[in-house]
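Engineer: Take a look at target.cif, mmCIF, C-alpha atoms:
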```cif
data_query
#
loop_
_atom_site.label_atom_id
_atom_site.label_comp_id
_atom_site.auth_asym_id
_atom_site.auth_seq_id
_atom_site.Cartn_x
_atom_site.Cartn_y
_atom_site.Cartn_z
CA MET A 37 156.76 -126.18 -79.27
CA ASN A 38 153.29 -125.06 -78.26
CA LYS A 39 150.93 -125.77 -81.13
CA ASN A 40 147.76 -124.61 -79.40
CA PRO A 41 145.69 -122.45 -81.77
CA ILE A 42 145.76 -118.72 -81.09
CA ASN A 43 142.53 -117.43 -79.55
CA ARG A 44 141.05 -114.67 -81.69
CA MET A 45 138.38 -112.11 -80.80
CA HIS A 46 135.34 -111.95 -83.09
CA TYR A 47 132.47 -109.47 -83.30
CA THR A 48 129.03 -110.90 -82.94
CA ILE A 49 126.20 -110.00 -85.31
CA VAL A 50 124.41 -108.17 -82.52
CA GLU A 51 127.45 -106.01 -81.83
CA MET A 52 127.83 -105.19 -85.51
CA MET A 53 124.16 -104.27 -85.76
CA MET A 54 124.48 -101.99 -82.74
CA VAL A 55 127.46 -100.22 -84.30
CA ILE A 56 125.57 -99.77 -87.58
CA ALA A 57 122.50 -98.48 -85.73
CA VAL A 58 124.56 -95.90 -83.83
CA PHE A 59 126.25 -94.85 -87.08
CA MET A 60 122.89 -94.42 -88.82
CA ILE A 61 121.55 -92.30 -85.94
CA ILE A 62 124.59 -90.03 -86.07
CA LEU A 63 124.32 -89.79 -89.86
CA SER A 64 120.61 -88.90 -89.75
CA MET A 65 121.28 -86.19 -87.15
CA ALA A 66 124.08 -84.77 -89.27
CA ILE A 67 121.87 -84.74 -92.38
CA ALA A 68 119.02 -83.06 -90.52
CA ALA A 69 121.37 -80.42 -89.16
CA TRP A 70 122.88 -79.86 -92.62
CA VAL A 71 119.48 -79.50 -94.28
CA GLY A 72 118.29 -77.06 -91.61
CA THR A 73 121.47 -75.04 -91.86
CA GLY A 74 121.17 -74.90 -95.64
CA SER A 75 117.61 -73.54 -95.49
CA GLN A 76 118.52 -71.00 -92.83
CA ALA A 77 121.61 -69.95 -94.77
CA LYS A 78 119.56 -69.37 -97.92
CA THR A 79 116.99 -67.36 -95.98
CA ARG A 80 119.74 -65.27 -94.39
CA ASN A 81 121.44 -64.68 -97.76
CA ALA A 82 118.12 -63.69 -99.34
CA ALA A 83 117.44 -61.24 -96.51
CA ARG A 84 120.87 -59.70 -97.00
CA GLU A 85 120.31 -59.46 -100.75
CA LEU A 86 116.94 -57.75 -100.31
CA SER A 87 118.42 -55.32 -97.77
CA ALA A 88 121.21 -54.53 -100.25
CA LEU A 89 118.71 -53.89 -103.06
CA LEU A 90 116.63 -51.59 -100.86
CA ASN A 91 119.75 -49.68 -99.81
CA LEU A 92 120.83 -49.46 -103.46
CA ALA A 93 117.45 -48.05 -104.51
CA ARG A 94 117.57 -45.50 -101.69
CA SER A 95 121.17 -44.53 -102.48
CA LYS A 96 120.35 -44.01 -106.16
CA ALA A 97 117.36 -41.87 -105.26
CA ILE A 98 119.57 -39.63 -103.13
CA ALA A 99 122.52 -39.55 -105.55
CA GLU A 100 120.42 -38.87 -108.65
CA ARG A 101 117.88 -36.70 -106.80
CA THR A 102 114.90 -38.52 -108.21
CA ASN A 103 112.31 -41.05 -107.15
CA VAL A 104 113.48 -44.65 -107.28
CA GLY A 105 111.30 -47.65 -106.49
CA ILE A 106 111.82 -51.34 -105.98
CA LEU A 107 109.18 -53.86 -107.02
CA LEU A 108 108.81 -57.17 -105.16
CA SER A 109 107.14 -60.14 -106.81
CA THR A 110 106.53 -63.46 -105.07
CA ASN A 111 106.00 -65.44 -108.26
CA GLY A 112 106.56 -65.23 -112.00
CA SER A 113 103.37 -65.81 -113.96
CA SER A 114 102.00 -65.69 -117.48
CA SER A 115 99.26 -63.39 -116.19
CA PRO A 116 100.98 -61.37 -113.47
CA SER A 117 99.12 -59.09 -111.12
CA THR A 118 99.39 -55.30 -111.36
CA GLU A 119 102.86 -53.97 -110.66
CA LEU A 120 103.44 -50.25 -110.27
CA ALA A 121 100.38 -47.98 -109.98
CA SER A 122 98.97 -47.20 -113.43
CA ASP A 123 101.68 -49.15 -115.22
CA SER A 124 100.79 -52.42 -116.95
CA ALA A 125 102.43 -55.51 -115.49
CA SER A 126 102.46 -57.15 -118.90
CA ASN A 127 105.27 -54.79 -119.89
CA ASP A 128 107.72 -56.28 -117.43
CA PRO A 129 106.49 -59.24 -115.36
CA ASN A 130 108.68 -61.28 -113.05
CA PRO A 131 110.33 -63.68 -115.54
CA TYR A 132 110.98 -66.45 -112.99
CA PRO A 133 108.08 -68.90 -112.53
CA ASN A 134 107.54 -70.01 -108.94
CA ALA A 135 110.31 -67.73 -107.70
CA ALA A 136 110.48 -64.47 -105.79
CA ALA A 137 112.32 -61.62 -107.47
CA ALA A 138 112.86 -57.86 -107.20
CA ARG A 139 113.66 -55.07 -109.64
CA ILE A 140 114.63 -51.39 -109.24
CA TYR A 141 112.92 -48.71 -111.35
CA TYR A 142 112.70 -44.96 -111.80
CA CYS A 143 109.27 -43.91 -110.55
CA GLU A 144 106.91 -41.01 -110.02
CA SER A 145 105.97 -40.08 -106.45
CA ASN A 146 102.76 -42.08 -106.85
CA GLY A 147 104.69 -45.24 -107.75
CA THR A 148 104.13 -45.11 -111.51
CA ARG A 149 107.15 -46.48 -113.32
CA THR A 150 108.88 -43.94 -115.57
CA GLY A 151 111.94 -45.83 -116.77
CA TYR A 152 114.30 -48.73 -116.41
CA MET A 153 117.61 -48.46 -114.62
CA ASP A 154 120.77 -49.42 -116.49
CA PHE A 155 122.25 -52.76 -115.42
CA GLU A 156 119.42 -53.34 -112.95
CA ASP A 157 117.45 -56.34 -114.22
CA TRP A 158 115.28 -58.68 -112.15
CA HIS A 159 117.11 -60.11 -109.14
CA ARG A 160 115.99 -63.66 -108.39
CA MET A 161 115.99 -64.86 -104.81
CA PRO A 162 117.54 -68.26 -103.94
CA VAL A 163 115.42 -71.26 -104.86
CA GLY A 164 112.95 -72.12 -102.11
CA ILE A 165 112.90 -68.60 -100.63
CA THR A 166 110.05 -66.12 -101.02
CA PHE A 167 108.77 -62.74 -99.86
CA ASP A 168 105.64 -62.53 -97.79
CA PHE A 169 103.51 -59.62 -96.65
CA PRO A 170 101.35 -60.94 -93.77
CA GLY A 171 98.77 -58.62 -92.29
CA SER A 172 100.39 -58.87 -88.86
CA PHE A 173 103.90 -59.96 -88.04
CA ASN A 174 102.74 -60.85 -84.54
CA ASN A 175 100.81 -63.84 -85.87
CA LEU A 176 102.34 -67.14 -86.89
CA TYR A 177 102.25 -68.00 -90.57
CA ASN A 178 98.86 -69.31 -91.59
CA SER A 179 98.24 -70.72 -95.06
CA ALA A 180 94.70 -69.32 -95.10
CA THR A 181 95.97 -65.74 -94.99
CA ARG A 182 98.49 -65.90 -97.82
CA ALA A 183 97.78 -64.93 -101.41
CA PRO A 184 99.15 -67.24 -104.10
CA ASP A 185 100.80 -64.42 -106.05
CA THR A 186 101.57 -61.04 -104.56
CA THR A 187 103.38 -57.94 -105.73
CA ALA A 188 104.41 -55.00 -103.60
CA CYS A 189 106.53 -51.91 -104.10
CA ILE A 190 108.24 -49.16 -102.17
CA VAL A 191 109.49 -45.84 -103.57
CA PHE A 192 112.20 -43.56 -102.15
CA ASP A 193 112.33 -39.83 -102.87
CA ARG A 194 115.41 -37.64 -103.40
CA MET A 195 115.84 -37.32 -99.62
CA GLY A 196 115.87 -41.08 -99.14
CA ARG A 197 112.45 -41.12 -97.50
CA VAL A 198 109.57 -43.42 -98.38
CA VAL A 199 107.21 -41.46 -100.61
CA TYR A 200 105.01 -44.36 -101.71
CA GLN A 201 104.39 -48.01 -100.88
CA ARG A 202 101.84 -50.65 -101.75
CA ASN A 203 100.87 -53.96 -100.10
CA LEU A 204 103.48 -53.70 -97.35
CA SER A 205 102.56 -54.38 -93.72
CA VAL A 206 103.26 -52.01 -90.85
CA TYR A 207 105.96 -53.23 -88.49
CA ASN A 208 107.41 -51.24 -85.59
CA GLY A 209 106.36 -47.96 -87.17
CA GLY A 210 107.85 -48.87 -90.55
CA PHE A 211 106.97 -50.96 -93.56
CA GLY A 212 107.83 -54.64 -93.26
CA ILE A 213 108.73 -57.37 -95.72
CA SER A 214 109.33 -60.91 -94.56
CA VAL A 215 111.82 -63.29 -96.17
CA VAL A 216 110.95 -66.92 -95.49
CA ALA A 217 111.62 -70.41 -96.81
CA GLY A 218 108.83 -71.79 -98.97
CA SER A 219 106.54 -70.68 -101.79
CA THR A 220 103.44 -68.51 -101.58
CA GLN A 221 102.13 -69.91 -104.85
CA GLN A 222 102.55 -73.53 -103.82
CA ASN A 223 101.38 -72.72 -100.28
CA SER A 224 104.42 -74.40 -98.79
CA ILE A 225 105.36 -71.93 -96.04
CA THR A 226 104.98 -73.99 -92.90
CA ALA A 227 103.59 -72.69 -89.63
CA ASP A 228 106.20 -71.54 -87.09
CA SER A 229 108.73 -71.01 -89.88
CA PRO A 230 111.69 -68.82 -88.85
CA TYR A 231 111.95 -65.73 -91.03
CA TYR A 232 113.59 -62.35 -91.42
CA ILE A 233 111.73 -59.05 -91.33
CA ILE A 234 113.20 -56.27 -93.44
CA SER A 235 111.78 -53.00 -92.12
CA VAL A 236 111.95 -49.58 -93.79
CA ASN A 237 111.41 -46.44 -91.71
CA PRO A 238 109.05 -44.18 -93.71
CA TYR A 239 110.54 -40.93 -92.39
CA THR A 240 114.26 -41.64 -92.59
CA GLY A 241 114.35 -44.52 -95.08
CA ARG A 242 116.54 -46.46 -92.67
CA ILE A 243 116.53 -50.19 -93.44
CA THR A 244 116.89 -52.78 -90.70
CA SER A 245 116.76 -56.57 -90.57
CA LYS A 246 115.54 -58.78 -87.72
CA PHE A 247 115.51 -62.58 -87.41
CA ILE A 248 112.33 -64.10 -85.98
CA GLU A 249 112.58 -67.66 -84.72
CA ASN A 250 109.14 -69.00 -83.80
#
```
Give the structure from this file in C-alpha coordinates form.

Structural biologist:
Amino acid sequence: MNKNPINRMHYTIVEMMMVIAVFMIILSMAIAAWVGTGSQAKTRNAARELSALLNLARSKAIAERTNVGILLSTNGSSSPSTELASDSASNDPNPYPNAAAARIYYCESNGTRTGYMDFEDWHRMPVGITFDFPGSFNNLYNSATRAPDTTACIVFDRMGRVVYQRNLSVYNGGFGISVVAGSTQQNSITADSPYYIISVNPYTGRITSKFIEN
(Lines of atoms letter the chains of each structure in order from A and count residues from 1; the text may use other names and numbers.)
(Lines give C-alpha, C1' and ligand atoms only; values in the text may rest on other atoms or scores of the structure.)
Protein backbone atom coordinates (compact mmCIF):
# COMPACT_ATOMS: atom_id res chain seq x y z
CA MET A 1 0.00 0.00 0.00
CA ASN A 2 1.38 3.38 -1.00
CA LYS A 3 1.80 5.47 2.12
CA ASN A 4 3.33 8.50 0.43
CA PRO A 5 1.71 11.70 1.76
CA ILE A 6 -0.75 13.39 -0.57
CA ASN A 7 0.63 16.56 -2.15
CA ARG A 8 -1.62 19.51 -1.37
CA MET A 9 -1.75 22.94 -3.02
CA HIS A 10 -1.37 25.95 -0.73
CA TYR A 11 -1.84 29.68 -1.37
CA THR A 12 1.11 31.86 -0.61
CA ILE A 13 0.80 35.07 1.38
CA VAL A 14 1.63 37.09 -1.71
CA GLU A 15 -1.18 35.47 -3.67
CA MET A 16 -3.64 36.10 -0.86
CA MET A 17 -2.58 39.73 -0.63
CA MET A 18 -3.05 40.14 -4.38
CA VAL A 19 -6.56 38.70 -4.18
CA ILE A 20 -7.43 41.03 -1.29
CA ALA A 21 -5.98 44.02 -3.15
CA VAL A 22 -8.06 43.26 -6.26
CA PHE A 23 -11.16 42.81 -4.08
CA MET A 24 -10.56 46.16 -2.36
CA ILE A 25 -10.14 47.93 -5.71
CA ILE A 26 -13.40 46.48 -7.00
CA LEU A 27 -15.15 47.39 -3.75
CA SER A 28 -13.89 50.98 -3.82
CA MET A 29 -15.04 51.37 -7.44
CA ALA A 30 -18.46 50.00 -6.55
CA ILE A 31 -18.78 52.36 -3.58
CA ALA A 32 -17.72 55.36 -5.67
CA ALA A 33 -20.24 54.46 -8.35
CA TRP A 34 -22.97 53.96 -5.74
CA VAL A 35 -22.28 57.29 -4.06
CA GLY A 36 -22.26 59.12 -7.39
CA THR A 37 -25.46 57.44 -8.47
CA GLY A 38 -27.12 58.33 -5.18
CA SER A 39 -26.27 62.03 -5.53
CA GLN A 40 -27.39 62.12 -9.15
CA ALA A 41 -30.59 60.28 -8.29
CA LYS A 42 -31.42 62.79 -5.55
CA THR A 43 -30.72 65.70 -7.88
CA ARG A 44 -32.92 64.14 -10.56
CA ASN A 45 -35.73 63.49 -8.08
CA ALA A 46 -35.51 67.05 -6.76
CA ALA A 47 -35.67 68.43 -10.30
CA ARG A 48 -38.76 66.33 -10.97
CA GLU A 49 -40.36 67.49 -7.73
CA LEU A 50 -39.71 71.15 -8.51
CA SER A 51 -41.09 70.72 -12.04
CA ALA A 52 -44.20 69.09 -10.55
CA LEU A 53 -44.68 71.96 -8.09
CA LEU A 54 -44.33 74.56 -10.85
CA ASN A 55 -46.83 72.68 -13.01
CA LEU A 56 -49.19 72.40 -10.03
CA ALA A 57 -49.00 76.15 -9.37
CA ARG A 58 -49.65 76.90 -13.04
CA SER A 59 -52.54 74.42 -13.21
CA LYS A 60 -54.18 75.92 -10.12
CA ALA A 61 -53.83 79.41 -11.55
CA ILE A 62 -55.63 78.32 -14.72
CA ALA A 63 -58.27 76.19 -12.96
CA GLU A 64 -59.12 78.79 -10.32
CA ARG A 65 -58.59 81.76 -12.65
CA THR A 66 -56.39 83.62 -10.22
CA ASN A 67 -52.73 84.42 -9.68
CA VAL A 68 -50.74 81.64 -8.04
CA GLY A 69 -47.08 81.90 -7.10
CA ILE A 70 -44.40 79.55 -5.89
CA LEU A 71 -41.68 80.71 -3.51
CA LEU A 72 -38.23 79.11 -3.58
CA SER A 73 -35.95 79.31 -0.56
CA THR A 74 -32.42 77.93 -0.48
CA ASN A 75 -32.14 77.87 3.30
CA GLY A 76 -34.27 78.05 6.43
CA SER A 77 -33.12 80.78 8.79
CA SER A 78 -34.11 82.53 11.99
CA SER A 79 -33.84 85.82 10.10
CA PRO A 80 -34.95 84.96 6.58
CA SER A 81 -34.62 87.33 3.68
CA THR A 82 -37.65 89.01 2.11
CA GLU A 83 -40.07 86.60 0.48
CA LEU A 84 -42.92 87.90 -1.66
CA ALA A 85 -42.91 91.60 -2.61
CA SER A 86 -44.33 93.71 0.23
CA ASP A 87 -45.08 90.68 2.39
CA SER A 88 -43.01 90.08 5.53
CA ALA A 89 -40.90 86.93 5.48
CA SER A 90 -41.26 86.59 9.23
CA ASN A 91 -44.86 85.50 8.68
CA ASP A 92 -43.89 82.31 6.93
CA PRO A 93 -40.16 81.58 6.61
CA ASN A 94 -38.72 78.35 5.27
CA PRO A 95 -38.91 76.12 8.38
CA TYR A 96 -36.05 73.81 7.34
CA PRO A 97 -32.58 75.01 8.41
CA ASN A 98 -29.86 74.39 5.83
CA ALA A 99 -32.38 72.96 3.36
CA ALA A 100 -34.00 74.15 0.16
CA ALA A 101 -37.78 74.24 0.11
CA ALA A 102 -40.69 75.61 -1.93
CA ARG A 103 -44.25 76.67 -1.17
CA ILE A 104 -47.26 77.61 -3.34
CA TYR A 105 -49.32 80.71 -2.52
CA TYR A 106 -52.17 82.83 -3.83
CA CYS A 107 -50.64 86.10 -5.02
CA GLU A 108 -51.35 89.48 -6.55
CA SER A 109 -49.94 90.21 -10.01
CA ASN A 110 -47.02 92.02 -8.36
CA GLY A 111 -46.09 88.94 -6.33
CA THR A 112 -47.61 90.04 -3.02
CA ARG A 113 -48.94 87.04 -1.16
CA THR A 114 -52.70 87.16 -0.55
CA GLY A 115 -53.40 83.78 1.03
CA TYR A 116 -52.30 80.27 1.78
CA MET A 117 -53.36 77.31 -0.31
CA ASP A 118 -55.09 74.41 1.41
CA PHE A 119 -52.90 71.32 1.85
CA GLU A 120 -49.93 73.09 0.27
CA ASP A 121 -47.30 73.48 3.00
CA TRP A 122 -43.55 73.86 2.52
CA HIS A 123 -42.06 71.14 0.32
CA ARG A 124 -38.55 70.23 1.43
CA MET A 125 -36.04 69.10 -1.16
CA PRO A 126 -33.93 65.96 -0.53
CA VAL A 127 -31.07 66.42 1.91
CA GLY A 128 -27.95 67.70 0.17
CA ILE A 129 -29.85 69.27 -2.75
CA THR A 130 -30.40 73.00 -3.23
CA PHE A 131 -31.71 75.59 -5.66
CA ASP A 132 -29.35 78.07 -7.21
CA PHE A 133 -29.90 81.17 -9.30
CA PRO A 134 -26.53 81.94 -10.98
CA GLY A 135 -26.26 85.07 -13.06
CA SER A 136 -25.34 83.05 -16.14
CA PHE A 137 -25.94 79.39 -16.77
CA ASN A 138 -23.12 79.42 -19.30
CA ASN A 139 -20.54 79.79 -16.52
CA LEU A 140 -19.36 76.99 -14.27
CA TYR A 141 -20.35 77.18 -10.63
CA ASN A 142 -18.14 79.59 -8.74
CA SER A 143 -18.36 79.93 -4.97
CA ALA A 144 -17.62 83.66 -5.16
CA THR A 145 -20.84 84.34 -7.07
CA ARG A 146 -23.28 82.52 -4.79
CA ALA A 147 -25.26 84.14 -2.01
CA PRO A 148 -25.47 82.21 1.27
CA ASP A 149 -29.26 82.49 1.49
CA THR A 150 -31.46 83.30 -1.47
CA THR A 151 -35.18 83.46 -2.08
CA ALA A 152 -36.89 83.72 -5.44
CA CYS A 153 -40.46 83.51 -6.68
CA ILE A 154 -42.47 83.13 -9.84
CA VAL A 155 -46.18 83.92 -10.29
CA PHE A 156 -48.58 82.52 -12.91
CA ASP A 157 -51.71 84.37 -14.02
CA ARG A 158 -55.11 82.90 -14.92
CA MET A 159 -53.86 82.13 -18.44
CA GLY A 160 -50.88 80.17 -17.12
CA ARG A 161 -48.39 82.83 -18.15
CA VAL A 162 -45.64 84.28 -15.98
CA VAL A 163 -46.90 87.60 -14.65
CA TYR A 164 -44.16 88.21 -12.09
CA GLN A 165 -40.79 86.80 -11.06
CA ARG A 166 -37.95 87.80 -8.78
CA ASN A 167 -34.29 86.75 -8.59
CA LEU A 168 -34.55 84.24 -11.43
CA SER A 169 -31.94 84.15 -14.19
CA VAL A 170 -32.73 84.30 -17.89
CA TYR A 171 -32.13 81.03 -19.72
CA ASN A 172 -33.01 80.35 -23.36
CA GLY A 173 -35.61 83.12 -23.36
CA GLY A 174 -37.22 81.89 -20.15
CA PHE A 175 -36.61 82.05 -16.43
CA GLY A 176 -34.20 79.45 -15.09
CA ILE A 177 -33.76 77.68 -11.77
CA SER A 178 -30.94 75.24 -11.23
CA VAL A 179 -31.18 72.17 -9.00
CA VAL A 180 -27.77 71.01 -7.82
CA ALA A 181 -26.13 68.90 -5.12
CA GLY A 182 -24.69 70.92 -2.26
CA SER A 183 -25.63 73.85 -0.03
CA THR A 184 -25.56 77.55 -0.85
CA GLN A 185 -25.36 78.46 2.82
CA GLN A 186 -22.44 76.15 3.54
CA ASN A 187 -20.84 77.03 0.19
CA SER A 188 -20.47 73.37 -0.70
CA ILE A 189 -21.50 73.39 -4.37
CA THR A 190 -18.38 72.22 -6.14
CA ALA A 191 -17.15 73.57 -9.45
CA ASP A 192 -18.16 71.53 -12.51
CA SER A 193 -21.10 70.04 -10.60
CA PRO A 194 -23.73 68.45 -12.86
CA TYR A 195 -27.12 70.08 -12.41
CA TYR A 196 -30.61 70.41 -13.82
CA ILE A 197 -32.06 73.63 -15.20
CA ILE A 198 -35.80 74.07 -14.80
CA SER A 199 -36.88 76.71 -17.31
CA VAL A 200 -40.24 78.51 -17.44
CA ASN A 201 -41.33 80.22 -20.66
CA PRO A 202 -42.70 83.66 -19.68
CA TYR A 203 -45.25 83.80 -22.51
CA THR A 204 -46.70 80.30 -22.44
CA GLY A 205 -45.75 79.16 -18.93
CA ARG A 206 -44.34 75.96 -20.40
CA ILE A 207 -41.95 74.24 -18.00
CA THR A 208 -38.98 72.24 -19.25
CA SER A 209 -36.07 70.45 -17.61
CA LYS A 210 -32.54 69.97 -18.94
CA PHE A 211 -29.60 68.07 -17.46
CA ILE A 212 -26.23 69.82 -17.64
CA GLU A 213 -23.16 67.65 -17.13
CA ASN A 214 -20.03 69.80 -16.92

Engineer: Specify as a ChimeraX atom specification each residue included when the PyMOL selection byres ((chain A and resi 224-238) around 6) is applied to this file.

Structural biologist: /A:176-177,197-198,210-216,218-219,222-223,239-250

Engineer: How many Å separate CA of Thr186 (chain A) from CA of Ile98 (chain A)?

Structural biologist: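 Taking CA of Thr186 (chain A) as the start and CA of Ile98 (chain A) as the end point, the length is 28.0 Å.
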
Engineer: Which residues match the PyMOL selection byres ((chain A and resi 133) around 9) in the file above, as a ChimeraX atom specification?

Structural biologist: /A:111-114,130-132,134-136

Engineer: How many Å lie between CA of Val163 (chain A) and CA of Arg80 (chain A), rounded to one decimal?

Structural biologist: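 So the answer is 12.8 Å.
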
Engineer: Run the PyMOL selection byres ((chain A and resi 152) around 10) against the file shown and list the residues it catches, as a list in words.

Structural biologist: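 Applied to this file, the PyMOL selection byres ((chain A and resi 152) around 10) selects Arg139, Ile140, Tyr141, Tyr142, Cys143, Arg149, Thr150, Gly151, Met153, Asp154, Phe155, Glu156 and Asp157 of chain A.
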
Engineer: Name the residues, using the chain letters and numbers of the file, that sit within 6 Å of (103.6, -57.3, -106.9) when counting all atoms listed in the file, and give them as a list in words.

Structural biologist: Leu108, Ser109, Glu119, Thr186, Thr187 and Ala188 of chain A

Engineer: Can you write out the residues you just picked, keeping C-alpha atoms, as an mmCIF file, in the frame of the given file?

Structural biologist:
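Below is the file again_28.cif, written as the result:
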```cif
data_model
loop_
_atom_site.group_PDB
_atom_site.id
_atom_site.type_symbol
_atom_site.label_atom_id
_atom_site.label_comp_id
_atom_site.auth_asym_id
_atom_site.auth_seq_id
_atom_site.Cartn_x
_atom_site.Cartn_y
_atom_site.Cartn_z
ATOM 1 C CA LEU A 108 108.810 -57.170 -105.160
ATOM 2 C CA SER A 109 107.140 -60.140 -106.810
ATOM 3 C CA GLU A 119 102.860 -53.970 -110.660
ATOM 4 C CA THR A 186 101.570 -61.040 -104.560
ATOM 5 C CA THR A 187 103.380 -57.940 -105.730
ATOM 6 C CA ALA A 188 104.410 -55.000 -103.600
#
```

Engineer: Which of these, A:Thr148, A:Thr110, A:Ser95, A:Thr48, has the shortest distance to Gly164 (chain A) once you count all atoms listed in the file?

Structural biologist: A:Thr110

Engineer: Would you mind telling me which residue in A:Val199, A:Val191, A:Met161, A:Met60 lies nearest to Val104 (chain A) when using only C-alpha atoms?

Structural biologist: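 Between A:Val199, A:Val191, A:Met161, A:Met60, the residue approaching Val104 (chain A) most closely is A:Val191.
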